[in-house]
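Source file run.cif; content: mmCIF, C-alpha atoms, pLDDT in the B column; chains and numbers go by the auth columns.
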```
data_data
loop_
_atom_site.group_PDB
_atom_site.id
_atom_site.type_symbol
_atom_site.label_atom_id
_atom_site.label_comp_id
_atom_site.label_asym_id
_atom_site.label_seq_id
_atom_site.Cartn_x
_atom_site.Cartn_y
_atom_site.Cartn_z
_atom_site.B_iso_or_equiv
_atom_site.auth_seq_id
_atom_site.auth_asym_id
ATOM 1 C CA MET A 1 39.293 -4.465 1.027 42.00 1333 A
ATOM 2 C CA THR A 2 37.534 -6.286 3.881 42.00 1334 A
ATOM 3 C CA ARG A 3 34.084 -7.766 3.478 41.00 1335 A
ATOM 4 C CA PHE A 4 32.736 -5.213 5.976 39.00 1336 A
ATOM 5 C CA ALA A 5 34.155 -2.373 3.905 41.00 1337 A
ATOM 6 C CA LEU A 6 32.692 -3.918 0.766 42.00 1338 A
ATOM 7 C CA VAL A 7 29.237 -4.057 2.349 43.00 1339 A
ATOM 8 C CA LEU A 8 29.534 -0.409 3.369 42.00 1340 A
ATOM 9 C CA MET A 9 30.617 0.505 -0.152 45.00 1341 A
ATOM 10 C CA LEU A 10 27.588 -1.257 -1.630 45.00 1342 A
ATOM 11 C CA MET A 11 25.290 0.435 0.857 46.00 1343 A
ATOM 12 C CA ALA A 12 26.692 3.824 -0.058 46.00 1344 A
ATOM 13 C CA LEU A 13 26.242 3.187 -3.770 44.00 1345 A
ATOM 14 C CA LEU A 14 22.661 2.024 -3.362 46.00 1346 A
ATOM 15 C CA ILE A 15 21.725 4.819 -0.961 43.00 1347 A
ATOM 16 C CA GLY A 16 23.342 7.304 -3.331 47.00 1348 A
ATOM 17 C CA SER A 17 21.171 6.049 -6.167 45.00 1349 A
ATOM 18 C CA ILE A 18 18.054 6.349 -4.014 43.00 1350 A
ATOM 19 C CA PHE A 19 19.108 9.849 -2.926 42.00 1351 A
ATOM 20 C CA MET A 20 19.604 10.970 -6.510 40.00 1352 A
ATOM 21 C CA SER A 21 16.158 9.687 -7.411 41.00 1353 A
ATOM 22 C CA ALA A 22 14.627 11.405 -4.389 41.00 1354 A
ATOM 23 C CA CYS A 23 16.222 14.693 -5.376 40.00 1355 A
ATOM 24 C CA SER A 24 14.564 14.702 -8.780 42.00 1356 A
ATOM 25 C CA THR A 25 12.908 18.003 -9.652 45.00 1357 A
ATOM 26 C CA GLU A 26 9.760 16.169 -10.757 59.00 1358 A
ATOM 27 C CA GLU A 27 6.876 16.832 -8.360 76.00 1359 A
ATOM 28 C CA VAL A 28 5.897 13.739 -6.403 85.00 1360 A
ATOM 29 C CA LYS A 29 2.244 12.771 -6.652 91.00 1361 A
ATOM 30 C CA ALA A 30 0.335 10.091 -4.789 92.00 1362 A
ATOM 31 C CA LYS A 31 -0.409 6.954 -6.778 90.00 1363 A
ATOM 32 C CA GLU A 32 -2.040 3.573 -6.369 88.00 1364 A
ATOM 33 C CA GLY A 33 -0.032 1.459 -3.922 86.00 1365 A
ATOM 34 C CA ASP A 34 1.452 4.420 -2.014 89.00 1366 A
ATOM 35 C CA THR A 35 1.068 4.692 1.743 92.00 1367 A
ATOM 36 C CA VAL A 36 -0.036 8.242 2.513 95.00 1368 A
ATOM 37 C CA LYS A 37 -1.017 10.461 5.432 97.00 1369 A
ATOM 38 C CA VAL A 38 -3.919 12.911 5.181 98.00 1370 A
ATOM 39 C CA PHE A 39 -5.820 15.335 7.334 98.00 1371 A
ATOM 40 C CA TYR A 40 -9.544 15.167 6.665 98.00 1372 A
ATOM 41 C CA THR A 41 -12.912 16.501 7.760 98.00 1373 A
ATOM 42 C CA GLY A 42 -16.162 14.764 6.867 98.00 1374 A
ATOM 43 C CA THR A 43 -19.456 16.687 6.866 98.00 1375 A
ATOM 44 C CA LEU A 44 -23.112 15.987 6.110 98.00 1376 A
ATOM 45 C CA ASP A 45 -25.225 18.126 3.785 96.00 1377 A
ATOM 46 C CA ASP A 46 -26.395 20.223 6.760 96.00 1378 A
ATOM 47 C CA GLY A 47 -22.782 21.006 7.725 96.00 1379 A
ATOM 48 C CA THR A 48 -22.590 18.593 10.661 97.00 1380 A
ATOM 49 C CA VAL A 49 -19.059 17.248 11.140 98.00 1381 A
ATOM 50 C CA PHE A 50 -19.386 13.477 11.554 97.00 1382 A
ATOM 51 C CA ASP A 51 -15.684 12.596 11.492 97.00 1383 A
ATOM 52 C CA SER A 52 -12.282 14.264 11.226 97.00 1384 A
ATOM 53 C CA SER A 53 -8.596 13.904 12.000 96.00 1385 A
ATOM 54 C CA GLU A 54 -9.073 16.395 14.817 95.00 1386 A
ATOM 55 C CA LEU A 55 -11.869 14.348 16.405 96.00 1387 A
ATOM 56 C CA ARG A 56 -9.580 11.307 16.312 94.00 1388 A
ATOM 57 C CA GLY A 57 -6.745 12.954 18.226 94.00 1389 A
ATOM 58 C CA GLY A 58 -5.329 15.326 15.635 95.00 1390 A
ATOM 59 C CA ASP A 59 -2.963 12.878 13.944 96.00 1391 A
ATOM 60 C CA PRO A 60 -3.217 12.406 10.177 97.00 1392 A
ATOM 61 C CA LEU A 61 -4.921 9.297 8.813 97.00 1393 A
ATOM 62 C CA GLU A 62 -2.446 6.820 7.325 95.00 1394 A
ATOM 63 C CA PHE A 63 -3.579 4.340 4.680 94.00 1395 A
ATOM 64 C CA LEU A 64 -2.464 2.394 1.629 91.00 1396 A
ATOM 65 C CA ILE A 65 -4.108 3.639 -1.554 92.00 1397 A
ATOM 66 C CA GLY A 66 -6.021 0.805 -3.173 89.00 1398 A
ATOM 67 C CA GLU A 67 -6.040 -1.499 -0.143 87.00 1399 A
ATOM 68 C CA GLY A 68 -9.812 -1.155 0.094 87.00 1400 A
ATOM 69 C CA LEU A 69 -10.138 -0.324 3.790 90.00 1401 A
ATOM 70 C CA LEU A 70 -11.672 3.120 3.192 94.00 1402 A
ATOM 71 C CA LEU A 71 -14.549 4.369 1.101 95.00 1403 A
ATOM 72 C CA HIS A 72 -13.546 3.792 -2.507 93.00 1404 A
ATOM 73 C CA SER A 73 -14.224 7.390 -3.554 95.00 1405 A
ATOM 74 C CA PHE A 74 -12.159 8.744 -0.639 97.00 1406 A
ATOM 75 C CA ASP A 75 -9.331 6.339 -1.391 94.00 1407 A
ATOM 76 C CA GLN A 76 -9.192 7.157 -5.101 95.00 1408 A
ATOM 77 C CA ALA A 77 -9.530 10.926 -4.599 96.00 1409 A
ATOM 78 C CA VAL A 78 -5.990 11.093 -3.210 96.00 1410 A
ATOM 79 C CA ILE A 79 -4.431 9.704 -6.413 95.00 1411 A
ATOM 80 C CA GLY A 80 -2.622 12.470 -8.284 94.00 1412 A
ATOM 81 C CA MET A 81 -2.420 14.808 -5.278 95.00 1413 A
ATOM 82 C CA SER A 82 0.825 16.524 -4.263 94.00 1414 A
ATOM 83 C CA ILE A 83 2.090 17.176 -0.732 94.00 1415 A
ATOM 84 C CA ASP A 84 0.069 19.927 1.013 95.00 1416 A
ATOM 85 C CA GLU A 85 -2.557 19.882 -1.747 97.00 1417 A
ATOM 86 C CA SER A 86 -6.198 19.893 -0.623 97.00 1418 A
ATOM 87 C CA ILE A 87 -9.304 18.564 -2.324 97.00 1419 A
ATOM 88 C CA THR A 88 -13.057 18.473 -1.665 98.00 1420 A
ATOM 89 C CA VAL A 89 -14.810 15.191 -2.421 97.00 1421 A
ATOM 90 C CA HIS A 90 -18.583 14.736 -2.488 98.00 1422 A
ATOM 91 C CA ILE A 91 -19.694 11.113 -2.074 97.00 1423 A
ATOM 92 C CA PRO A 92 -23.369 10.282 -2.624 97.00 1424 A
ATOM 93 C CA ALA A 93 -24.995 7.773 -0.273 96.00 1425 A
ATOM 94 C CA ASP A 94 -25.017 4.980 -2.871 95.00 1426 A
ATOM 95 C CA GLU A 95 -21.204 5.257 -3.065 95.00 1427 A
ATOM 96 C CA ALA A 96 -20.728 5.698 0.675 96.00 1428 A
ATOM 97 C CA TYR A 97 -22.601 3.508 3.182 96.00 1429 A
ATOM 98 C CA GLY A 98 -25.603 2.662 1.070 95.00 1430 A
ATOM 99 C CA PRO A 99 -29.312 3.504 1.273 96.00 1431 A
ATOM 100 C CA LEU A 100 -31.171 3.747 4.563 97.00 1432 A
ATOM 101 C CA GLU A 101 -33.881 1.330 3.477 96.00 1433 A
ATOM 102 C CA VAL A 102 -33.764 -1.746 1.283 95.00 1434 A
ATOM 103 C CA VAL A 103 -36.872 -3.532 0.018 95.00 1435 A
ATOM 104 C CA GLY A 104 -36.727 -7.130 -1.117 93.00 1436 A
ATOM 105 C CA SER A 105 -38.996 -10.141 -1.472 94.00 1437 A
ATOM 106 C CA LEU A 106 -39.400 -13.449 0.313 94.00 1438 A
ATOM 107 C CA ASP A 107 -38.218 -15.404 -2.704 92.00 1439 A
ATOM 108 C CA GLN A 108 -34.749 -13.893 -2.162 91.00 1440 A
ATOM 109 C CA PHE A 109 -34.437 -15.909 1.061 93.00 1441 A
ATOM 110 C CA PRO A 110 -34.077 -19.694 1.482 91.00 1442 A
ATOM 111 C CA PRO A 111 -37.594 -21.185 1.642 90.00 1443 A
ATOM 112 C CA ASP A 112 -36.672 -23.288 4.665 91.00 1444 A
ATOM 113 C CA GLU A 113 -35.264 -20.213 6.502 92.00 1445 A
ATOM 114 C CA PRO A 114 -37.752 -17.350 6.028 93.00 1446 A
ATOM 115 C CA PRO A 115 -36.725 -13.979 7.461 94.00 1447 A
ATOM 116 C CA GLN A 116 -38.037 -12.754 10.802 95.00 1448 A
ATOM 117 C CA VAL A 117 -38.485 -9.172 11.975 96.00 1449 A
ATOM 118 C CA GLY A 118 -35.409 -8.120 13.941 96.00 1450 A
ATOM 119 C CA GLU A 119 -32.999 -10.463 12.175 96.00 1451 A
ATOM 120 C CA LEU A 120 -29.790 -9.061 10.685 95.00 1452 A
ATOM 121 C CA TYR A 121 -28.473 -9.874 7.220 94.00 1453 A
ATOM 122 C CA GLN A 122 -25.355 -9.020 5.262 92.00 1454 A
ATOM 123 C CA ILE A 123 -26.559 -7.948 1.826 92.00 1455 A
ATOM 124 C CA GLY A 124 -25.019 -6.433 -1.264 92.00 1456 A
ATOM 125 C CA VAL A 125 -26.378 -3.200 -2.691 92.00 1457 A
ATOM 126 C CA GLU A 126 -25.349 -0.832 -5.484 90.00 1458 A
ATOM 127 C CA ASN A 127 -21.663 -0.221 -6.278 88.00 1459 A
ATOM 128 C CA ASP A 128 -20.582 -3.510 -4.655 87.00 1460 A
ATOM 129 C CA ILE A 129 -21.250 -2.168 -1.158 91.00 1461 A
ATOM 130 C CA ILE A 130 -21.969 -4.725 1.568 92.00 1462 A
ATOM 131 C CA ILE A 131 -24.253 -3.525 4.354 94.00 1463 A
ATOM 132 C CA THR A 132 -25.721 -4.963 7.535 95.00 1464 A
ATOM 133 C CA ALA A 133 -29.511 -4.620 7.410 96.00 1465 A
ATOM 134 C CA GLU A 134 -32.215 -5.404 9.941 96.00 1466 A
ATOM 135 C CA VAL A 135 -35.600 -6.780 8.894 97.00 1467 A
ATOM 136 C CA THR A 136 -38.171 -4.196 10.031 97.00 1468 A
ATOM 137 C CA ASP A 137 -41.335 -5.347 8.270 96.00 1469 A
ATOM 138 C CA ILE A 138 -42.731 -8.310 6.343 96.00 1470 A
ATOM 139 C CA SER A 139 -45.968 -7.687 4.424 95.00 1471 A
ATOM 140 C CA GLY A 140 -47.006 -10.527 2.142 93.00 1472 A
ATOM 141 C CA SER A 141 -43.972 -11.238 -0.037 93.00 1473 A
ATOM 142 C CA ARG A 142 -42.437 -7.796 0.618 96.00 1474 A
ATOM 143 C CA VAL A 143 -39.517 -7.614 3.036 96.00 1475 A
ATOM 144 C CA THR A 144 -38.392 -4.222 4.290 97.00 1476 A
ATOM 145 C CA MET A 145 -34.923 -3.897 5.797 97.00 1477 A
ATOM 146 C CA GLU A 146 -33.091 -0.973 7.400 97.00 1478 A
ATOM 147 C CA ASN A 147 -29.393 -0.304 6.964 97.00 1479 A
ATOM 148 C CA THR A 148 -27.864 -0.267 10.448 96.00 1480 A
ATOM 149 C CA HIS A 149 -24.919 2.012 9.643 96.00 1481 A
ATOM 150 C CA GLN A 150 -25.248 5.400 11.345 96.00 1482 A
ATOM 151 C CA LEU A 151 -24.407 7.171 8.073 97.00 1483 A
ATOM 152 C CA ALA A 152 -26.760 5.119 5.909 97.00 1484 A
ATOM 153 C CA GLY A 153 -28.620 7.227 3.371 96.00 1485 A
ATOM 154 C CA GLU A 154 -26.345 10.223 3.921 97.00 1486 A
ATOM 155 C CA ASP A 155 -24.422 12.070 1.232 98.00 1487 A
ATOM 156 C CA LEU A 156 -20.937 12.830 2.521 98.00 1488 A
ATOM 157 C CA THR A 157 -18.429 15.580 1.827 98.00 1489 A
ATOM 158 C CA PHE A 158 -14.737 15.281 2.721 98.00 1490 A
ATOM 159 C CA GLU A 159 -12.086 17.979 2.850 98.00 1491 A
ATOM 160 C CA ILE A 160 -8.801 16.123 2.370 98.00 1492 A
ATOM 161 C CA GLN A 161 -5.246 17.480 2.674 98.00 1493 A
ATOM 162 C CA LEU A 162 -2.333 15.267 1.685 97.00 1494 A
ATOM 163 C CA VAL A 163 0.505 15.776 4.181 97.00 1495 A
ATOM 164 C CA GLU A 164 2.916 12.934 3.445 94.00 1496 A
ATOM 165 C CA ILE A 165 3.717 10.198 0.959 93.00 1497 A
ATOM 166 C CA LEU A 166 5.677 7.594 2.864 88.00 1498 A
ATOM 167 C CA GLN A 167 8.749 5.882 1.420 65.00 1499 A
ATOM 168 C CA PRO A 168 7.428 2.658 -0.096 60.00 1500 A
ATOM 169 C CA THR A 169 8.638 -0.634 1.327 53.00 1501 A
ATOM 170 C CA ILE A 170 11.079 -2.112 -1.168 52.00 1502 A
ATOM 171 C CA THR A 171 10.771 -5.841 -1.580 56.00 1503 A
ATOM 172 C CA MET A 172 12.770 -7.854 -4.048 62.00 1504 A
ATOM 173 C CA SER A 173 13.631 -11.411 -4.882 69.00 1505 A
ATOM 174 C CA CYS A 174 17.134 -12.867 -4.749 70.00 1506 A
ATOM 175 C CA GLU A 175 17.387 -12.360 -8.504 74.00 1507 A
ATOM 176 C CA GLN A 176 16.381 -8.701 -8.313 73.00 1508 A
ATOM 177 C CA ALA A 177 18.810 -8.097 -5.468 68.00 1509 A
ATOM 178 C CA ARG A 178 21.546 -9.861 -7.456 71.00 1510 A
ATOM 179 C CA ASP A 179 20.935 -7.421 -10.305 77.00 1511 A
ATOM 180 C CA ALA A 180 21.210 -4.482 -7.870 72.00 1512 A
ATOM 181 C CA ILE A 181 24.527 -5.801 -6.556 71.00 1513 A
ATOM 182 C CA GLN A 182 25.786 -6.305 -10.109 75.00 1514 A
ATOM 183 C CA GLU A 183 24.922 -2.705 -10.929 77.00 1515 A
ATOM 184 C CA ALA A 184 26.765 -1.485 -7.819 70.00 1516 A
ATOM 185 C CA LEU A 185 29.878 -3.527 -8.639 70.00 1517 A
ATOM 186 C CA THR A 186 29.865 -2.423 -12.265 76.00 1518 A
ATOM 187 C CA HIS A 187 29.570 1.186 -11.135 74.00 1519 A
ATOM 188 C CA TYR A 188 32.555 0.651 -8.806 68.00 1520 A
ATOM 189 C CA HIS A 189 34.568 -0.883 -11.657 73.00 1521 A
ATOM 190 C CA ASP A 190 33.716 1.956 -14.050 81.00 1522 A
ATOM 191 C CA GLU A 191 34.925 4.493 -11.498 78.00 1523 A
ATOM 192 C CA HIS A 192 38.031 2.680 -10.191 73.00 1524 A
ATOM 193 C CA GLY A 193 39.074 0.537 -13.125 76.00 1525 A
ATOM 194 C CA LYS A 194 39.096 -2.657 -11.046 70.00 1526 A
ATOM 195 C CA TRP A 195 36.742 -5.066 -9.328 66.00 1527 A
ATOM 196 C CA PRO A 196 36.515 -5.159 -5.515 59.00 1528 A
ATOM 197 C CA THR A 197 37.735 -8.345 -3.821 55.00 1529 A
ATOM 198 C CA ALA A 198 37.294 -9.773 -0.334 50.00 1530 A
ATOM 199 C CA ASP A 199 40.284 -9.170 1.993 46.00 1531 A
ATOM 200 C CA GLY A 200 42.388 -8.109 -0.969 42.00 1532 A
ATOM 201 C CA GLN A 201 42.641 -11.691 -2.213 45.00 1533 A
ATOM 202 C CA PRO A 202 42.033 -12.556 -5.893 41.00 1534 A
ATOM 203 C CA GLY A 203 39.409 -15.124 -6.862 43.00 1535 A
ATOM 204 C CA ASP A 204 35.851 -15.742 -5.793 42.00 1536 A
ATOM 205 C CA ILE A 205 34.113 -13.580 -3.191 43.00 1537 A
ATOM 206 C CA VAL A 206 31.659 -15.654 -1.155 40.00 1538 A
ATOM 207 C CA TRP A 207 28.685 -13.678 0.127 38.00 1539 A
ATOM 208 C CA THR A 208 26.364 -15.818 2.259 37.00 1540 A
ATOM 209 C CA LYS A 209 23.167 -14.062 3.315 36.00 1541 A
ATOM 210 C CA LEU A 210 24.705 -10.718 2.431 36.00 1542 A
ATOM 211 C CA VAL A 211 21.675 -9.063 0.849 38.00 1543 A
ATOM 212 C CA PRO A 212 19.441 -8.947 3.963 39.00 1544 A
ATOM 213 C CA ASN A 213 22.270 -7.162 5.801 40.00 1545 A
ATOM 214 C CA PHE A 214 21.890 -4.029 3.711 39.00 1546 A
ATOM 215 C CA MET A 215 18.582 -4.381 1.898 41.00 1547 A
ATOM 216 C CA ALA A 216 15.889 -4.519 4.574 39.00 1548 A
ATOM 217 C CA GLY A 217 13.123 -5.010 2.032 40.00 1549 A
ATOM 218 C CA THR A 218 14.359 -8.419 0.908 40.00 1550 A
ATOM 219 C CA PRO A 219 11.591 -10.957 1.628 41.00 1551 A
ATOM 220 C CA SER A 220 12.252 -13.249 4.585 38.00 1552 A
ATOM 221 C CA ASN A 221 11.937 -16.340 2.401 43.00 1553 A
ATOM 222 C CA ASP A 222 14.887 -15.036 0.399 48.00 1554 A
ATOM 223 C CA SER A 223 17.082 -14.533 3.459 49.00 1555 A
ATOM 224 C CA ASP A 224 19.210 -17.547 2.502 55.00 1556 A
ATOM 225 C CA CYS A 225 20.419 -16.046 -0.774 61.00 1557 A
ATOM 226 C CA GLU A 226 23.985 -17.175 -1.459 62.00 1558 A
ATOM 227 C CA TRP A 227 26.154 -14.820 -3.453 56.00 1559 A
ATOM 228 C CA TRP A 228 29.629 -14.705 -4.830 60.00 1560 A
ATOM 229 C CA VAL A 229 31.546 -12.855 -7.535 62.00 1561 A
ATOM 230 C CA ASN A 230 33.347 -14.770 -10.233 63.00 1562 A
ATOM 231 C CA SER A 231 36.967 -14.199 -11.093 59.00 1563 A
ATOM 232 C CA ASP A 232 36.303 -15.590 -14.595 56.00 1564 A
ATOM 233 C CA PRO A 233 34.550 -13.691 -16.007 61.00 1565 A
ATOM 234 C CA GLU A 234 35.677 -11.217 -13.416 63.00 1566 A
ATOM 235 C CA GLY A 235 33.047 -9.157 -11.654 64.00 1567 A
ATOM 236 C CA GLU A 236 30.039 -11.304 -12.587 71.00 1568 A
ATOM 237 C CA VAL A 237 27.635 -11.727 -9.657 65.00 1569 A
ATOM 238 C CA CYS A 238 26.413 -15.280 -9.174 67.00 1570 A
ATOM 239 C CA LEU A 239 23.414 -16.564 -7.220 62.00 1571 A
ATOM 240 C CA GLN A 240 23.142 -20.068 -5.749 58.00 1572 A
ATOM 241 C CA ASN A 241 25.464 -21.739 -8.271 57.00 1573 A
ATOM 242 C CA GLU A 242 23.934 -19.870 -11.202 61.00 1574 A
ATOM 243 C CA CYS A 243 25.744 -17.110 -13.084 60.00 1575 A
#
```
Structure encoded using structure tokens:
Amino acid sequence: MTRFALVLMLMALLIGSIFMSACSTEEVKAKEGDTVKVFYTGTLDDGTVFDSSELRGGDPLEFLIGEGLLLHSFDQAVIGMSIDESITVHIPADEAYGPLEVVGSLDQFPPDEPPQVGELYQIGVENDIIITAEVTDISGSRVTMENTHQLAGEDLTFEIQLVEILQPTITMSCEQARDAIQEALTHYHDEHGKWPTADGQPGDIVWTKLVPNFMAGTPSNDSDCEWWVNSDPEGEVCLQNEC
């Protein structure tokens, strides 16, 4: 068997395993770490649509659950949803973009840099939300600031429909890939009663940088994995002089 044929055989075995898993009758649900696509419509309490997939061109929104780029409540609402399932999520202002007005005191600012009306500050409010606020009034020690976000102080409602859970990117170390190759070879041996060899010759099979050729998720810093298969004990996959 040529090395090219061996690579193809390994690819087929691995893809077959993935296919069998994908064909499981268990319903797939979105979970933390999944990349998903959703259609959504966001409305205010008076019914005004402030944002939607349709307003942004009609394509679904794609995001990684848990990455933290979206509103936390929106992000987490998708967990546990199935394809084509819809959900309504109500997000109060203090979990969305924060309150419209924030009142503080002068002693919260550096004494040598007192605030001035019109200045902008990044401040933390409830639920670990960071807002940009403008100083609008200073009366004695009282400092009044206004949240500059256009949706500040607004309770939000989202209609969300999950349309796709994307195939996760598979990344693995040399060691993990070695284990996958070992499983593929063992499967071949169990079915055919013999171990595959390179070019039909007995002895060691040297595989230099083989894994990245058929496992696209292998990290780039592992692209120099060196593999071979021992003839004694036969069929044992070795990695960089370690078996």
Taking only C-alpha atoms into account, which of A:Lys1363, A:Arg1510, A:Glu1491, A:Phe1371 comes nearest Ser1414 (chain A)? A:Lys1363
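Residue nearest Leu1393 (chain A), chosen from A:Gln1514, A:Ser1418, A:Ser1471, A:Gln1493 and counting only C-alpha atoms: A:Gln1493.
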Restricting the calculation to all atoms listed in the file: of A:Tyr1453, A:Phe1406, A:Leu1432, A:Gln1482, which residue gets closest to Ile1419 (chain A)?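 For Ile1419 (chain A), the nearest of the given residues is A:Phe1406.
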Within 12 Å of Glu1399 (chain A), counting only C-alpha atoms, which residues show up once you throw out same-chain ones fewer than 6 positions away? Write them as a PyMOL selection string, please. chain A and resi 1364-1368+1406-1408
Go ahead and dump the residues you just picked, C-alpha atoms, as a JSON list (two decimals), keeping the file's coordinate frame.
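Contents of selection-v4.json, freshly written:
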```json
[["chain", "number", "residue", "atom", "x", "y", "z"],
["A", 1364, "GLU", "CA", -2.04, 3.57, -6.37],
["A", 1365, "GLY", "CA", -0.03, 1.46, -3.92],
["A", 1366, "ASP", "CA", 1.45, 4.42, -2.01],
["A", 1367, "THR", "CA", 1.07, 4.69, 1.74],
["A", 1368, "VAL", "CA", -0.04, 8.24, 2.51],
["A", 1406, "PHE", "CA", -12.16, 8.74, -0.64],
["A", 1407, "ASP", "CA", -9.33, 6.34, -1.39],
["A", 1408, "GLN", "CA", -9.19, 7.16, -5.10]]
```
Kindly indicate which residue among A:Glu1523, A:Ile1492, A:Glu1451, A:Ala1428 lies nearest to Leu1402 (chain A), using all atoms listed in the file for the distances.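 Result for the nearest residue to Leu1402 (chain A): A:Ala1428.
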Figure out the distance between CA of Pro1443 (chain A) and CA of Pro1431 (chain A), please, to one decimal in Å.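 Value for the CA of Pro1431 (chain A)-CA of Pro1443 (chain A) distance: 26.0 Å.
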Which distance in Å separates CA of His1404 (chain A) and CA of Glu1427 (chain A), to one decimal?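 CA of Glu1427 (chain A) lies 7.8 Å from CA of His1404 (chain A).
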Computed interatomic separation between CA of Arg1388 (chain A) and CA of Val1370 (chain A) (Å):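 Distance between the two atoms: 12.6 Å.
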Give me, as a list in words, all polymer residues having an atom no more than 12 Å from Ser1473 (chain A), counting only C-alpha atoms and skipping those fewer than 5 positions away in the same chain. Val1435, Gly1436, Ser1437, Leu1438, Asp1439, Gln1440, Phe1441, Pro1443, Pro1446 and Pro1447 of chain A
What would the selection look like, as a count of residues only, if the PyMOL selection byres ((chain A and resi 1421) around 6) were run on the coordinates I just shared? 4
Could you pull the residues within 12 Å of Leu1488 (chain A), counting only C-alpha atoms, minus those fewer than 6 positions along the same chain, as a PDB file with C-alpha atoms, in the frame of the given file?
```
ATOM      1  CA  THR A1373     -12.912  16.501   7.760  1.00 98.00           C
ATOM      2  CA  GLY A1374     -16.162  14.764   6.867  1.00 98.00           C
ATOM      3  CA  THR A1375     -19.456  16.687   6.866  1.00 98.00           C
ATOM      4  CA  LEU A1376     -23.112  15.987   6.110  1.00 98.00           C
ATOM      5  CA  ASP A1377     -25.225  18.126   3.785  1.00 96.00           C
ATOM      6  CA  ASP A1378     -26.395  20.223   6.760  1.00 96.00           C
ATOM      7  CA  GLY A1379     -22.782  21.006   7.725  1.00 96.00           C
ATOM      8  CA  THR A1380     -22.590  18.593  10.661  1.00 97.00           C
ATOM      9  CA  VAL A1381     -19.059  17.248  11.140  1.00 98.00           C
ATOM     10  CA  PHE A1382     -19.386  13.477  11.554  1.00 97.00           C
ATOM     11  CA  ASP A1383     -15.684  12.596  11.492  1.00 97.00           C
ATOM     12  CA  LEU A1403     -14.549   4.369   1.101  1.00 95.00           C
ATOM     13  CA  SER A1405     -14.224   7.390  -3.554  1.00 95.00           C
ATOM     14  CA  PHE A1406     -12.159   8.744  -0.639  1.00 97.00           C
ATOM     15  CA  THR A1420     -13.057  18.473  -1.665  1.00 98.00           C
ATOM     16  CA  VAL A1421     -14.810  15.191  -2.421  1.00 97.00           C
ATOM     17  CA  HIS A1422     -18.583  14.736  -2.488  1.00 98.00           C
ATOM     18  CA  ILE A1423     -19.694  11.113  -2.074  1.00 97.00           C
ATOM     19  CA  PRO A1424     -23.369  10.282  -2.624  1.00 97.00           C
ATOM     20  CA  ALA A1425     -24.995   7.773  -0.273  1.00 96.00           C
ATOM     21  CA  ASP A1426     -25.017   4.980  -2.871  1.00 95.00           C
ATOM     22  CA  GLU A1427     -21.204   5.257  -3.065  1.00 95.00           C
ATOM     23  CA  ALA A1428     -20.728   5.698   0.675  1.00 96.00           C
ATOM     24  CA  TYR A1429     -22.601   3.508   3.182  1.00 96.00           C
ATOM     25  CA  GLY A1430     -25.603   2.662   1.070  1.00 95.00           C
TER      26      GLY A1430
END
```
Run the PyMOL selection byres ((chain A and resi 1362) around 7) against the file shown and list the residues it catches, as a PDB file with C-alpha atoms, keeping the file's coordinate frame.
```pdb
ATOM      1  CA  VAL A1360       5.897  13.739  -6.403  1.00 85.00           C
ATOM      2  CA  LYS A1361       2.244  12.771  -6.652  1.00 91.00           C
ATOM      3  CA  LYS A1363      -0.409   6.954  -6.778  1.00 90.00           C
ATOM      4  CA  ASP A1366       1.452   4.420  -2.014  1.00 89.00           C
ATOM      5  CA  VAL A1410      -5.990  11.093  -3.210  1.00 96.00           C
ATOM      6  CA  ILE A1411      -4.431   9.704  -6.413  1.00 95.00           C
ATOM      7  CA  GLY A1412      -2.622  12.470  -8.284  1.00 94.00           C
ATOM      8  CA  MET A1413      -2.420  14.808  -5.278  1.00 95.00           C
ATOM      9  CA  SER A1414       0.825  16.524  -4.263  1.00 94.00           C
ATOM     10  CA  ILE A1497       3.717  10.198   0.959  1.00 93.00           C
TER      11      ILE A1497
END
```
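Distance annotation: of A:Glu1466, A:Asp1416, A:Glu1478, A:Glu1394, the residue with the minimal separation from Val1434 (chain A) is A:Glu1478; atom set is all atoms listed in the file.
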Top pick for closest residue to Ala1516 (chain A), considering A:Tyr1372, A:Glu1568, A:Ser1384, A:Ile1455 and counting all atoms listed in the file: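 The closest residue to Ala1516 (chain A) is A:Glu1568.
Matched in the shown structure by the PyMOL selection byres ((chain A and resi 1496) around 7): A:Val1368, A:Lys1369, A:Ile1415, A:Leu1494, A:Val1495, A:Ile1497, A:Leu1498.
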Could region 1490-1496 of chain A be completed with N, CA and C atoms and returned as a PDB file, keeping the file's coordinate frame?
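File rebuild-v4.pdb, as written:
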```pdb
ATOM      1  N   PHE A1490     -16.028  15.335   2.019  1.00 98.00           N
ATOM      2  CA  PHE A1490     -14.737  15.281   2.721  1.00 98.00           C
ATOM      3  C   PHE A1490     -13.814  16.379   2.211  1.00 98.00           C
ATOM      4  N   GLU A1491     -13.213  17.091   3.152  1.00 98.00           N
ATOM      5  CA  GLU A1491     -12.086  17.979   2.850  1.00 98.00           C
ATOM      6  C   GLU A1491     -10.828  17.190   3.186  1.00 98.00           C
ATOM      7  N   ILE A1492      -9.978  16.972   2.195  1.00 98.00           N
ATOM      8  CA  ILE A1492      -8.801  16.123   2.370  1.00 98.00           C
ATOM      9  C   ILE A1492      -7.534  16.923   2.043  1.00 98.00           C
ATOM     10  N   GLN A1493      -6.556  16.863   2.931  1.00 98.00           N
ATOM     11  CA  GLN A1493      -5.246  17.480   2.674  1.00 98.00           C
ATOM     12  C   GLN A1493      -4.180  16.405   2.768  1.00 98.00           C
ATOM     13  N   LEU A1494      -3.432  16.242   1.696  1.00 97.00           N
ATOM     14  CA  LEU A1494      -2.333  15.267   1.685  1.00 97.00           C
ATOM     15  C   LEU A1494      -1.125  15.875   2.380  1.00 97.00           C
ATOM     16  N   VAL A1495      -0.623  15.211   3.429  1.00 97.00           N
ATOM     17  CA  VAL A1495       0.505  15.776   4.181  1.00 97.00           C
ATOM     18  C   VAL A1495       1.797  14.983   4.006  1.00 97.00           C
ATOM     19  N   GLU A1496       1.682  13.725   3.580  1.00 94.00           N
ATOM     20  CA  GLU A1496       2.916  12.934   3.445  1.00 94.00           C
ATOM     21  C   GLU A1496       2.683  11.729   2.550  1.00 94.00           C
TER      22      GLU A1496
END
```
